[in-house]
Amino acid sequence: MLAKIHVTFKKGVLDPQGKAVHHALSDLGYKEVAGVQVGKYMEVQLNGISEEEAQTRVKEMCEKLFANTVIESYRFTLDSAE
Amino acid sequence: MLAKIHVTFKKGVLDPQGKAVHHALSDLGYKEVAGVQVGKYMEVQLNGISEEEAQTRVKEMCEKLFANTVIESYRFTLDSAE
Amino acid sequence: MNCGVVVFPGSNCDHDCFHVLKHVFKLHTEWIWHKGGQDLSRFDLIVLPGGFSYGDYLRAGAIAQFSTVMKEVIGFAESGGKVLGICNGFQILVESGLLPGALMQNHSRKFICKTVLVRVENARTPFTQKCAEHSVLNIPIAHHQGGYFIDPEELRRLEENGQVVLRYCGSAGEVTGEFNPNGSVGNIAGIINAGGNVMGMMPHPERCADPAWSNLDGQLIFKSIIHSCQNGVSV
Amino acid sequence: MKVRSSPDITPDIVCQHGLTLEEYRRIQDLLGRVPNLTELGIFSVMWSEHCSYKSSRYHLKKLPTEGPRVLQGPGENAGVVDIGDGLAVIFKIESHNHPSFIEPHQGAATGVGGILRDIFTMGARPLALLNSLRFGEPDHPRTRFLLNGVVDGISSYGNCTGVPTVGGEIYFDPCYNGNILVNVFCLGLVPSDKIFLGNASGVGNPVIYFGSKTGRDGIHGASMASSEFDDSSEEKRPTVQVGDPFTEKLLIEACLELMKKDWVVGIQDMGAAGLTCSTFEMAGRAGTGIDLDLSRVPRREEGMTPYEILLSESQERMLVVVKRGMEEEALALFRKWDLDAAVVGEVTDKPVVRIFENGNQVVHLPVELVVDGALDLERPAARPTDLDAINRIDLTEIPEPVCGDEVLRKLLASANIASKHWVYEQYDHMVRLNTLGLPGSDAAVLRVKGSKKALAISVDCNSRYCYLDPFYGTQIAVAECVRNIVCSGGMPIGLTNCLNFGNPEKPEIMWQFAQSVAGLGEICRFFDIPVVSGNVSLYNETLGEAIYPTPTVAVVGLLEDRSCHTTQWFKESGHLIGLMGLTLEELGGSEYLSVRFNRVEGKPPHLDRVLERSVHEMCLALISEGLVVSAHDCSEGGLGVALAESCISHPESPRGAELHIESTIRHDACLFGESQSRILVSFPENNREAVEEKARIMKVPFAVIGKVGGDSLVVNVNEEEFIREEVATLKKLWMGALETYVR
Ligand SMILES: Nc1ncnc2c1ncn2[C@@H]1O[C@H](COP(=O)(O)OP(=O)(O)O)[C@@H](O)[C@H]1O
Ligand SMILES: [Mg+2]
């Protein structure tokens with residue numbers, strides 16, 4: 001099973017990377033860009049557990065390790081085909 | 001329109017962060033974890049362009065800026081609802 | 001001899017490079033602002049200094065490669081001008097395609113600042129000709145993304161062409177994993193382009209070139225450049 | 001006067017703002033009316049402990065703040081000390097404890113950002129950063145995470161701004177389990193006639209905002225820094241801000257360029273309490289008023305209320321007053337550096353701050369009332385009743401080790417004593433080519449370009465001593481810090497401090513505080529070192545458990561000739577090893593007691609101020625006359641650890657040593673006791689007479705105790721071997737301990 005995890009800054013938290021990238025894109029002439037957010041993406045391969053277990057376990061991993069829930073939020077999907 | 005961009009390391013390129021996270025998860029007792037990949041996730045808000053244009057423009061941004069194609073690959077989706 | 005030191009927003013070894021060129025080696029040295037618009041042809045050497053250009057957000061050097069001045073630097077290099085990229089400068093050179101490969105996060109995932117040893121693999125470049133072949137230099141590193149990467153095919157080509165100029169090593173010159181601070185393939189610390197006029201290196205020669213310190217190994221790099229600019233050198 | 005009204009202010013709302021009902025009454029009395037909510041917000045931050053120093057000001061007044069070199073004492077963003085040649089240094093230390101506990105990476109990073117701004121806002125290029133860190137016991141489940149996060153945060157921010165982090169200190173102790181400390185020091189260099197102050201003078205002059213846009217981050221940050229943690233603090237989380245070191249770097253360069261112009265009137269960063277604090281303080285110092293138009297403030301988010309804009313603690317923002325007519329030039333300069341900027345107000349003659357939004361007046365407050373209106377509290381103080389018991393120690397209960405090897409190994413591998421290279425190698429400590437004395441010796445040494453001079457800097461505090469005796473503990477912190485400076489060749493010229501304590505509403509804590517400040521004042525007067533800046537961090541408690549009193553001090557020293565800078569490690573075989581000072585039978589509060597017996601008790605070592613000063617003078621004389629080649633003070637772990645460190649801290653080649661010590665006290669006290677005023681030196685045999693002569697003249701107890709050489713550290717006490725260990729082994733233990741722990 002593959003867990004696909006997205007971590008992004010919470011609303012209202014400054015995203016310095018997004019800001020700098022937005023600036024760069026504007027300079028490069030991409031005037032259509034109205035905003036950029038830069039976050040993290042993680043793929044975690046899980047073996048030998050049920051989808052239900054995986055739900056709780058991945059949630060736990062996110063809270064403990066992947067996301068800094070003070071400033072970041074996370075979401076994930078589980079893909080049992082992979 | 002919202003472009004959602006994923007950048008991950010190419011096969012064969014060692015992902016030190018993924019390795020470290022994997023290690024940390026094992027230490028924390030998540031024995032079910034068989035592998036971790038850490039990548040980047042970007043959301044780019046685009047205004048006033050068609051989906052077709054967006055396809056070429058975002059591809060360009062990825063090649064130029066978001067991914068270093070020597071070591072990374074990218075994929076993206078366009079979400080016209082957002 | 002005219003030297004130019006490029007200033008990107010976020011450059012922070014710009015002053016150090018400027019200081020060494022101007023005050024230690026007494027060379028005519030000018031700042032080059034990242035917004036471009038200068039004719040670079042009057043320079044003999046352009047230095048891309050260390051630092052965190054544009055915050056190094058996203059990837060080190062990723063944003064800087066698109067600054068106006070980089071177009072001009074690329075033109076300068078293509079017409080044979082000498083370009084030295086140190087640390088962030090090296091990262092910008094690989095991002096902009098002037099040098100092959102990529103620089104990845106250190107294996108430790110930590111910033112590393114300390115003095116390391118590097119072996120001179122090719123002492124016949126304009127940047128190293130004052131070093132003895134296979135001599136070992138003491139040079140500080142200070143980076144977060146210094147792991148050099150290149151695919152095996154291209155690596156072979158680099159090696160065959162003598163484009164690998166510096167490698168991390170032990171005090172007897174031994175090139176082993178133990179002395180690799182950041183996970184670079186083949187312990188690579190510095191490379192040169194095929195044309196022999198663009199060099200990128202992670203270690204900071206400007207940090208060991210001022211006589212206020214006892215270690216002056218970095219001077220060899222600058223002396224090499226000065227010598228080659230003044231006498232010309234064939235690669 | 002028309003001020004937009006807002007919902008009724010209930011006692012609940014007052015409390016949420018961290019104000020007491022008494023303070024609220026005072027506001028109404030002085031104002032002659034009920035404040036609106038925005039105004040209440042302003043009082044809440046400006047009258048918070050963090051901004052008003054209401055519990056501490058009464059005591060701080062007693063510190064010596066003047067001296068012939070002092071150009072600016074406390075009261076501005078940082079203190080300024082003259083170093084001659086037309087140059088001055090600006091320095092300060094500040095805490096970022098609470099934010100770092102909640103989010104270690106960003107908390108520490110923004111702490112660095114804040115202290116940098118305090119320095120360059122006065123016109124100085126930041127030359128160096130140091131930090132003083134306190135974590136819980138290594139085995140505590142959060143310690144590793146917090147340590148990693150804090151070091152990462154400091155490294156990412158400092159490195160990116162291009163300011164070297166050249167030194168610091170780290171301690172681990174269970175008293176910090178629920179309250180870590182992150183104190184950050186910055187020093188800058190400035191021409192002594194080019195110092196900028198936070199002054200809004202000149203009626204009609206424009207007030208310009210520049211830097212990052214204002215977002216909703218950090219609202220209530222200042223009041224958070226002033227309130228005790230409880231279990232619900234977790235919910236205060238979104239008040240943590242994210243730092244943008246890249247923007248800070250641009251701010252540094254833009255400010256330094258700006259300050260070359262002769263039309264800058266006054267400038268101040270927006271730190272705690274953001275736009276509010278800088279507006280009121282700048283007007284307050286100049287005796288003027290300011291009209292501010294919030295609709296012109298650059299914002300990151302839509303729909304922000306005046307309350308939010310005024311109280312936001314978004315990072316990397318500044319406020320500057322320029323001469324009228326120069327606003328376009330100023331804005332162009334900020335554009336060059338890609339910074340947001342806007343004229344947001346004007347200096348007025350009536351000492352009142354009026355704040356407008358889209359033409360409506362939302363705030364109308366007399367400056368003095370806001371800036372100086374908080375009552376100085378003379379909080380009751382009482383000596384903790386259990387202190388007598390804690391101070392008693394019966395050495396006969398403590399078994400003496402037969403051999404010192406194991407103790408020494410244990411001490412060298414203890415987190416408090418082990419090498420901190422894992423930490424400082426994550427900091428760029430060399431950038432800008434000034435760091436002559438790299439981290440790893442007693443003090444950091446920085447050259448002053450364009451002169452022969454150099455600066456030595458150290459931060460110190462052994463809080464265990466301060467817990468056992470806050471008065472003498474604080475004096476020892478200063479003494480040790482100065483010792484580190486003189487060991488490196490520097491003459492102390494100024495001090496800054498960061499006083500970290502628990503909840504001052506408790507008489508025992510207030511007693512610790514008062515004792516500590518009294519001790520600090522007395523010793524600084526005695527050593528003739530002015531206190532030029534500082535910071536107070538109170539309420540360092542979780543669930544009623546206070547930290548040990550931790551009055552961190554940073555001392556800056558001057559070397560007239562930078563070639564005289566000295567390091568702590570032995571240089572060559574055959575050199576003699578000498579010890580200045582006296583070793584007494586003192587084990588109270590020692591690392592030895594803690595590591596071997598897990599006991600924190602007794603009294604801190606005795607401090608003989610006169611002897612201490614003579615030792616400083618002798619050390620400086622030996623160094624400046626070139627008589628010694630290494631100097632290292634004895635601190636945690638005592639003589640044994642100081643000897644080992646002198647053997648193993650050489651960056652390239654460790655050296656062995658053989659010692660012969662005469663002693664009439666317990667062996668463990670002799671080697672691991674932490675008697676003060678001791679410095680270990682090494683020198684070529686030829687200098688022996690001259691060194692001994694110096695000791696005689698300066699009346700410093702001195703003994704040659706051994707010789708550098710060999711592969712082992714061998715210590716004989718009264719001709720009996722007490723320690724024999726290979727230096728390679730010791731080095732491995734000492735170098736690897738922290739790294740092994742963190743992994
Ligand atoms: N947090 C830190 N950041 C940078 N350097 C540090 C830190 N902690 C310790 N160091 C460095 O490690 C060395 C030893 O520190 P320490 O044991 O506290 O010295 P001392 O006992 O002489 O005060 C010093 O050079 C110090 O600057
Ligand atoms: Mg010391």
# chains A, B, ... in the order shown; residues from 1 in each chain; ligands from 1

$ interface_residues --of "chain D" --to "chain B" --cutoff "12 Å" --atoms "only C-alpha atoms" --output "ChimeraX atom specification"
/D:141,145,742-743

$ write_last_selection --atoms "N, CA and C atoms" --output "PDB file, in the first residue's frame"
ATOM      1  N   PRO D 141      11.714  12.713  26.540  1.00  0.00           N
ATOM      2  CA  PRO D 141      11.325  12.366  25.172  1.00  0.00           C
ATOM      3  C   PRO D 141      11.364  13.527  24.169  1.00  0.00           C
ATOM      4  N   PHE D 145      14.261  16.175  19.930  1.00  0.00           N
ATOM      5  CA  PHE D 145      13.489  16.911  18.924  1.00  0.00           C
ATOM      6  C   PHE D 145      13.707  18.417  19.053  1.00  0.00           C
ATOM      7  N   VAL D 742      22.302  12.604  19.568  1.00  0.00           N
ATOM      8  CA  VAL D 742      21.306  13.189  18.672  1.00  0.00           C
ATOM      9  C   VAL D 742      20.778  12.171  17.677  1.00  0.00           C
ATOM     10  N   ARG D 743      21.614  11.318  17.227  1.00  0.00           N
ATOM     11  CA  ARG D 743      21.205  10.321  16.241  1.00  0.00           C
ATOM     12  C   ARG D 743      20.049   9.482  16.744  1.00  0.00           C
TER      13      ARG D 743
END

$ residues_near_ligand --ligand "ligand 2" --cutoff "9 Å" --atoms "only C-alpha atoms and all ligand atoms" --output "compact mmCIF listing (two decimals) with C-alpha atoms, in the first residue's frame"
# COMPACT_ATOMS: atom_id res chain seq x y z
CA SER D 441 38.00 27.45 22.44
CA ASP D 442 37.02 29.61 25.41
CA ALA D 443 35.81 32.70 23.56
CA SER D 458 31.61 34.60 25.28
CA ASP D 460 27.98 31.91 30.08
CA GLU D 480 33.50 32.78 34.18
CA CYS D 481 32.51 34.78 31.17
CA ARG D 483 37.71 34.43 32.35
CA ASN D 484 36.82 33.06 28.94
CA ILE D 485 37.50 36.48 27.47
CA CYS D 487 41.92 33.39 28.27
CA GLN D 568 42.89 26.82 24.96
CA HIS D 632 42.01 27.69 29.47
CA ASP D 633 39.78 28.38 32.42
CA CYS D 634 38.55 25.67 34.76
CA SER D 635 34.78 25.50 34.76
CA GLU D 636 32.39 22.53 34.69
CA ALA D 642 40.17 21.53 31.78

$ interface_residues --of "chain B" --to "chain C" --cutoff "9 Å" --atoms "only C-alpha atoms" --output "list in words"
Gly12, Val13, Asp15, Pro16, Gln17, Ala20, Lys40, Lys64, Leu65, Phe66, Ala67, Asn68, Val70 and Ile71 of chain B

$ residues_around --residues "range 72-75 of chain B" --least-positions-apart "5" --cutoff "8 Å" --atoms "only C-alpha atoms" --output "ChimeraX atom specification"
/B:5-10,62,67

$ write_last_selection --atoms "N, CA and C atoms" --output "PDB file, in the first residue's frame"
ATOM      1  N   ILE B   5       1.634  20.572  -8.635  1.00  0.00           N
ATOM      2  CA  ILE B   5       2.871  20.033  -9.202  1.00  0.00           C
ATOM      3  C   ILE B   5       3.599  19.166  -8.177  1.00  0.00           C
ATOM      4  N   HIS B   6       3.971  17.990  -8.611  1.00  0.00           N
ATOM      5  CA  HIS B   6       4.753  17.096  -7.748  1.00  0.00           C
ATOM      6  C   HIS B   6       6.139  16.929  -8.329  1.00  0.00           C
ATOM      7  N   VAL B   7       7.135  17.099  -7.497  1.00  0.00           N
ATOM      8  CA  VAL B   7       8.514  16.891  -7.945  1.00  0.00           C
ATOM      9  C   VAL B   7       9.151  15.828  -7.054  1.00  0.00           C
ATOM     10  N   THR B   8       9.659  14.793  -7.669  1.00  0.00           N
ATOM     11  CA  THR B   8      10.326  13.736  -6.882  1.00  0.00           C
ATOM     12  C   THR B   8      11.653  13.377  -7.528  1.00  0.00           C
ATOM     13  N   PHE B   9      12.497  12.719  -6.754  1.00  0.00           N
ATOM     14  CA  PHE B   9      13.783  12.318  -7.304  1.00  0.00           C
ATOM     15  C   PHE B   9      13.587  11.233  -8.348  1.00  0.00           C
ATOM     16  N   LYS B  10      14.447  11.267  -9.349  1.00  0.00           N
ATOM     17  CA  LYS B  10      14.438  10.211 -10.352  1.00  0.00           C
ATOM     18  C   LYS B  10      14.903   8.904  -9.721  1.00  0.00           C
ATOM     19  N   CYS B  62       7.948  24.022 -14.907  1.00  0.00           N
ATOM     20  CA  CYS B  62       8.525  22.841 -14.251  1.00  0.00           C
ATOM     21  C   CYS B  62       9.933  22.590 -14.759  1.00  0.00           C
ATOM     22  N   ALA B  67      11.686  21.792 -11.215  1.00  0.00           N
ATOM     23  CA  ALA B  67      12.460  20.558 -11.127  1.00  0.00           C
ATOM     24  C   ALA B  67      13.830  20.757 -11.740  1.00  0.00           C
TER      25      ALA B  67
END

$ residues_around --residues "range 30-37 of chain A" --least-positions-apart "4" --cutoff "8 Å" --atoms "only C-alpha atoms" --output "ChimeraX atom specification"
/A:8,15,17-19,21-22,25-26 /B:42-49

$ interface_residues --of "chain C" --to "chain D" --cutoff "6 Å" --atoms "only C-alpha atoms" --output "NGL selection string"
:C and (12 or 16 or 52 or 55 or 111-113)

$ write_last_selection --atoms "all heavy atoms" --output "tab-separated table (two decimals), in the first residue's frame"
chain	number	residue	atom	x	y	z
C	12	ASN	N	26.32	36.03	0.15
C	12	ASN	CA	26.96	36.56	1.36
C	12	ASN	C	28.44	36.28	1.48
C	12	ASN	O	29.06	36.68	2.45
C	12	ASN	CB	26.18	36.21	2.63
C	12	ASN	CG	25.90	34.75	2.75
C	12	ASN	OD1	26.71	33.95	2.34
C	12	ASN	ND2	24.75	34.41	3.29
C	16	ASP	N	33.70	38.68	0.90
C	16	ASP	CA	34.93	37.93	1.18
C	16	ASP	C	35.75	37.76	-0.10
C	16	ASP	O	36.97	37.94	-0.09
C	16	ASP	CB	34.60	36.55	1.77
C	16	ASP	CG	33.80	36.67	3.08
C	16	ASP	OD1	33.64	37.80	3.55
C	16	ASP	OD2	33.35	35.64	3.60
C	52	PHE	N	23.30	32.49	-0.26
C	52	PHE	CA	21.98	31.88	-0.45
C	52	PHE	C	21.21	32.76	-1.42
C	52	PHE	O	20.31	33.50	-1.03
C	52	PHE	CB	21.23	31.80	0.88
C	52	PHE	CG	21.77	30.80	1.84
C	52	PHE	CD1	22.99	30.99	2.47
C	52	PHE	CD2	21.06	29.63	2.12
C	52	PHE	CE1	23.49	30.06	3.36
C	52	PHE	CE2	21.56	28.70	3.02
C	52	PHE	CZ	22.78	28.91	3.64
C	55	GLY	N	17.57	33.34	-1.36
C	55	GLY	CA	17.23	32.50	-0.23
C	55	GLY	C	17.54	31.02	-0.47
C	55	GLY	O	17.38	30.20	0.42
C	111	PHE	N	23.59	21.41	7.46
C	111	PHE	CA	24.60	22.32	6.98
C	111	PHE	C	25.93	21.89	7.60
C	111	PHE	O	25.97	21.48	8.76
C	111	PHE	CB	24.25	23.74	7.42
C	111	PHE	CG	25.09	24.82	6.82
C	111	PHE	CD1	24.64	25.47	5.68
C	111	PHE	CD2	26.30	25.18	7.38
C	111	PHE	CE1	25.41	26.49	5.12
C	111	PHE	CE2	27.07	26.18	6.82
C	111	PHE	CZ	26.62	26.84	5.69
C	112	ILE	N	27.01	21.96	6.84
C	112	ILE	CA	28.32	21.60	7.40
C	112	ILE	C	29.29	22.74	7.18
C	112	ILE	O	29.51	23.17	6.04
C	112	ILE	CB	28.92	20.35	6.72
C	112	ILE	CG1	27.95	19.18	6.79
C	112	ILE	CG2	30.24	19.98	7.39
C	112	ILE	CD1	28.40	18.01	5.95
C	113	CYS	N	29.88	23.21	8.26
C	113	CYS	CA	30.92	24.23	8.15
C	113	CYS	C	32.14	23.72	8.88
C	113	CYS	O	32.13	23.58	10.11
C	113	CYS	CB	30.44	25.54	8.77
C	113	CYS	SG	31.70	26.83	8.81

$ closest_residue --among "A:Leu14, A:Thr77, A:Lys4, A:Gly39" --to "chain B" --atoms "only C-alpha atoms"
A:Gly39

$ residues_around --residues "Leu48 in chain C" --least-positions-apart "3" --cutoff "10 Å" --atoms "only C-alpha atoms" --output "PyMOL selection string"
chain C and resi 4-8+11+13-14+17+32+45+51+70+73+83-93+200

$ residues_around --residues "Ala54 in chain B" --least-positions-apart "6" --cutoff "9 Å" --atoms "only C-alpha atoms" --output "PyMOL selection string"
chain B and resi 1+3+46+78

$ select_by_dssp --residues "range 6-162 of chain C" --states "strand (DSSP E)" --output "PyMOL selection string"
chain C and resi 6-7+28-33+45-48+82-86+102-104+112-120+136-143+147-149

$ atom_distance --atom1 "CA of Gly37 in chain C" --atom2 "CA of Ala64 in chain C"
15.8 Å

$ atom_distance --atom1 "CA of Phe76 in chain C" --atom2 "CA of Arg156 in chain C"
27.6 Å

$ closest_residue --among "A:Leu28, A:Leu2, A:His23, A:Val38" --to "chain B" --atoms "only C-alpha atoms"
A:Val38

$ atom_distance --atom1 "CA of Met1 in chain C" --atom2 "CA of Gln163 in chain C"
25.3 Å

$ select_by_dssp --residues "range 511-569 of chain D" --states "helix (DSSP H, G or I)" --output "VMD selection string"
chain D and resid 511 to 527 562 to 564
